[in-house]
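Heads up: the structure comes next, in structure tokens.
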Protein chains: 2
Amino acid sequence: MTRENVIFIATSLDGYIADEEGSIDFLETGKTQEDEDTGFDAFMEEVDALVMGRGTYEAVMSFGVWPYEAPVFVLSRSLEYLPEELSGRAEIIEGTPAEVTSALNERGFDRLYIDGGLTIQSFLEDDMIDRMIITRIPILLGAGRPLFSQMTEPAIFRHVETTLIGERAVTSEYERVRE
Amino acid sequence: MTRENVIFIATSLDGYIADEEGSIDFLETGKTQEDEDTGFDAFMEEVDALVMGRGTYEAVMSFGVWPYEAPVFVLSRSLEYLPEELSGRAEIIEGTPAEVTSALNERGFDRLYIDGGLTIQSFLEDDMIDRMIITRIPILLGAGRPLFSQMTEPAIFRHVETTLIGERAVTSEYERVRE
């Protein structure tokens with residue numbers, strides 16, 4: 001399988017992935033169908049492992065139910081251990097985006113789902129994102145936690161496809177073009 | 001005709017409308033067809049007047065050829081006069097977004113094309129934008145002049161339609177939903 005690092009995330013039209021309090025309630029804006037197909041389940045079937053930052057890990061833990069079947073790697077220098085119940089399902093990992101990717105690739109995890117604002121930003125800065133699947137929700141939040149941050153170098157992508165979700169959200173897939 | 005204020009603008013995937021030097025060369029990213037239909041000409045036919053800030057006005061002047069058939073209103077408190085050659089084609093206007101809109105509507109200009117980063121931002125902050133036609137170019141610039149800035153209140157929009165330009169750029173049209 002092709003090795004690639006992928007992001008799959010929804011943002012407001014002004015580029016926020018959560019409001020200032022960390023809430024993602026805005027994702028429901030304009031929703032009229034209960035059973036929208038966001039493509040997330042199909043996407044997850046192709047994922048070998050997830051890499052997320054500590055903030056996202058803690059947000060997921062607060063849900064009360066661990067939602068991932070694929071192995072999760074929590075990128076953290078400060079976490080010392082994960083709860084017993086996550087044994088075999090999640091572990092702590094350290095290193096630069098390139099180091100983490102290389103370590104996971106060597107362990108047979110080829111397609112990595114990179115998640116969480118700061119984690120995505122550090123992978124983008126190091127040009128370690130190969131594919132982006134971004135869903136735009138029809139709202140301007142005005143403030144919040146941004147998907148993108150400043151980067152030292154621009155990065156060109158190729159548009160792969162765009163689909164509509166529930167006639168309200170626009171999902172575009174892009175792959176990195178390196179020349 | 002319905003009175004509405006509209007923006008029609010292209011941004012990078014990370015939301016910049018120009019790079020740090022003000023260049024818009026990134027708009028060409030991935031372009032393979034010389035004669036892409038961006039929808040701009042059709043859009044302009046429905047515009048009664050343009051409202052732009054001083055920065056955009058000066059950028060347009062630097063092109064050497066005045067490109068607009070519709071009347072242009074340059075929003076500025078500091079400009080004192082426009083060159084003679086623009087007589088009858090452009091004039092200076094002052095006021096808040098609501099005041100400017102109201103003044104132009106009274107003069108029979110119903111559909112206003114609001115252009116320029118800071119001008120768009122001030123109209124959005126005052127909830128004076130009714131329609132947004134935004135084209136996403138497949139590049140992360142990493143830095144530059146942002147389309148959106150912080151806003152005091154969120155603003156919900158309805159997705160109208162999404163079209164592809166040259167299989168590389170994604171244009172989505174949104175209209176403001178006020179409840």
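Every chain in the structure tokens takes a letter, A first, then B, and so on in the order presented; its residues are numbered from 1, and the ligands are numbered from 1 following the presented order.
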Using only C-alpha atoms, what does the table of chain A residues within 10 Å of chain B look like, with each row giving the shortest atom pair and its distance in Å to one decimal, sorted by chain and ascending number, as CSV?
```
residue,atom,partner,partner_atom,distance
A:Ser12,CA,B:Ile156,CA,9.9
A:Leu13,CA,B:Phe148,CA,8.9
A:Asp14,CA,B:Phe148,CA,6.0
A:Gly15,CA,B:Gly15,CA,7.2
A:Asp19,CA,B:Pro154,CA,9.9
A:Phe26,CA,B:Ile156,CA,9.4
A:Thr29,CA,B:Ile156,CA,7.4
A:Gly30,CA,B:Arg158,CA,7.1
A:Leu124,CA,B:Leu140,CA,9.4
A:Glu125,CA,B:Gly142,CA,8.6
A:Ile134,CA,B:Leu13,CA,9.5
A:Arg136,CA,B:Ser172,CA,9.8
A:Ile137,CA,B:His159,CA,8.8
A:Pro138,CA,B:Phe157,CA,5.1
A:Ile139,CA,B:Ile156,CA,4.4
A:Leu140,CA,B:Ala155,CA,5.1
A:Leu141,CA,B:Pro154,CA,4.4
A:Gly142,CA,B:Met151,CA,4.1
A:Ala143,CA,B:Gln150,CA,5.4
A:Gly144,CA,B:Gln150,CA,8.8
A:Pro146,CA,B:Asp14,CA,9.6
A:Leu147,CA,B:Asp14,CA,8.2
A:Phe148,CA,B:Asp14,CA,6.0
A:Ser149,CA,B:Gly142,CA,7.0
A:Gln150,CA,B:Gly142,CA,4.7
A:Met151,CA,B:Gly142,CA,4.1
A:Thr152,CA,B:Gly142,CA,6.3
A:Glu153,CA,B:Gly142,CA,6.2
A:Pro154,CA,B:Leu141,CA,4.3
A:Ala155,CA,B:Leu140,CA,5.1
A:Ile156,CA,B:Ile139,CA,4.4
A:Phe157,CA,B:Pro138,CA,5.1
A:Arg158,CA,B:Pro138,CA,6.1
A:His159,CA,B:Arg168,CA,5.1
A:Val160,CA,B:Arg168,CA,8.1
A:Glu161,CA,B:Glu167,CA,8.4
A:Thr162,CA,B:Val170,CA,7.7
A:Thr163,CA,B:Thr162,CA,8.9
A:Leu164,CA,B:Thr162,CA,8.3
A:Glu167,CA,B:His159,CA,7.0
A:Arg168,CA,B:His159,CA,5.1
A:Ala169,CA,B:His159,CA,7.2
A:Val170,CA,B:Thr162,CA,7.7
A:Ser172,CA,B:Val170,CA,8.1
A:Glu173,CA,B:Pro138,CA,9.8
A:Tyr174,CA,B:Pro138,CA,7.4
A:Glu175,CA,B:Pro138,CA,9.2
A:Arg176,CA,B:Ile139,CA,9.0
A:Val177,CA,B:Ile139,CA,9.6
```
Original post:
as a VMD selection string, which residues of chain B does DSSP assign to strand (DSSP E)?
Top reply: chain B and resid 4 to 12 16 to 18 49 to 53 72 to 75 90 to 93 111 to 115 131 to 137 139 to 140 145 to 146 155 to 165 169 to 176
Subject >> Straight-line distance linking atom CA of B:Pro67 with atom CA of B:Ile7, stated in Å to one decimal >> reply: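 According to the coordinates, atom CA of B:Pro67 and atom CA of B:Ile7 are separated by 17.3 Å.
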Subject >> Distance in Å - atom CA of B:Ser76 versus atom CA of B:Glu106 >> reply: 19.8 Å
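Residues with any atom within 10 Å of A:Gly55, counting only C-alpha atoms and excluding same-chain neighbours fewer than 2 positions away, are Met52, Gly53, Tyr57, Glu58, Ala59, Val60, Met61, Val74, Leu75, Ser76, Gly116, Gly117, Leu118 and Thr119 of chain A.
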Original post:
Residues at most 12 Å from B:Asp35, counting only C-alpha atoms, excluding those fewer than 6 positions away in the same chain, as a PyMOL selection string?
Top reply: chain B and resi 28+165-166
Export of prior selection with N, CA, C and O atoms as an mmCIF file, in the first residue's frame:
```cif
data_model
loop_
_atom_site.group_PDB
_atom_site.id
_atom_site.type_symbol
_atom_site.label_atom_id
_atom_site.label_comp_id
_atom_site.auth_asym_id
_atom_site.auth_seq_id
_atom_site.Cartn_x
_atom_site.Cartn_y
_atom_site.Cartn_z
ATOM 1 N N GLU B 28 -2.768 31.143 -10.392
ATOM 2 C CA GLU B 28 -2.496 30.300 -11.565
ATOM 3 C C GLU B 28 -2.136 28.858 -11.213
ATOM 4 O O GLU B 28 -1.976 28.022 -12.100
ATOM 5 N N ILE B 165 -13.546 24.791 -11.549
ATOM 6 C CA ILE B 165 -12.940 25.577 -12.617
ATOM 7 C C ILE B 165 -11.676 24.856 -13.057
ATOM 8 O O ILE B 165 -10.743 24.690 -12.268
ATOM 9 N N GLY B 166 -11.683 24.428 -14.311
ATOM 10 C CA GLY B 166 -10.490 23.786 -14.862
ATOM 11 C C GLY B 166 -10.023 22.584 -14.063
ATOM 12 O O GLY B 166 -8.827 22.284 -14.039
#
```
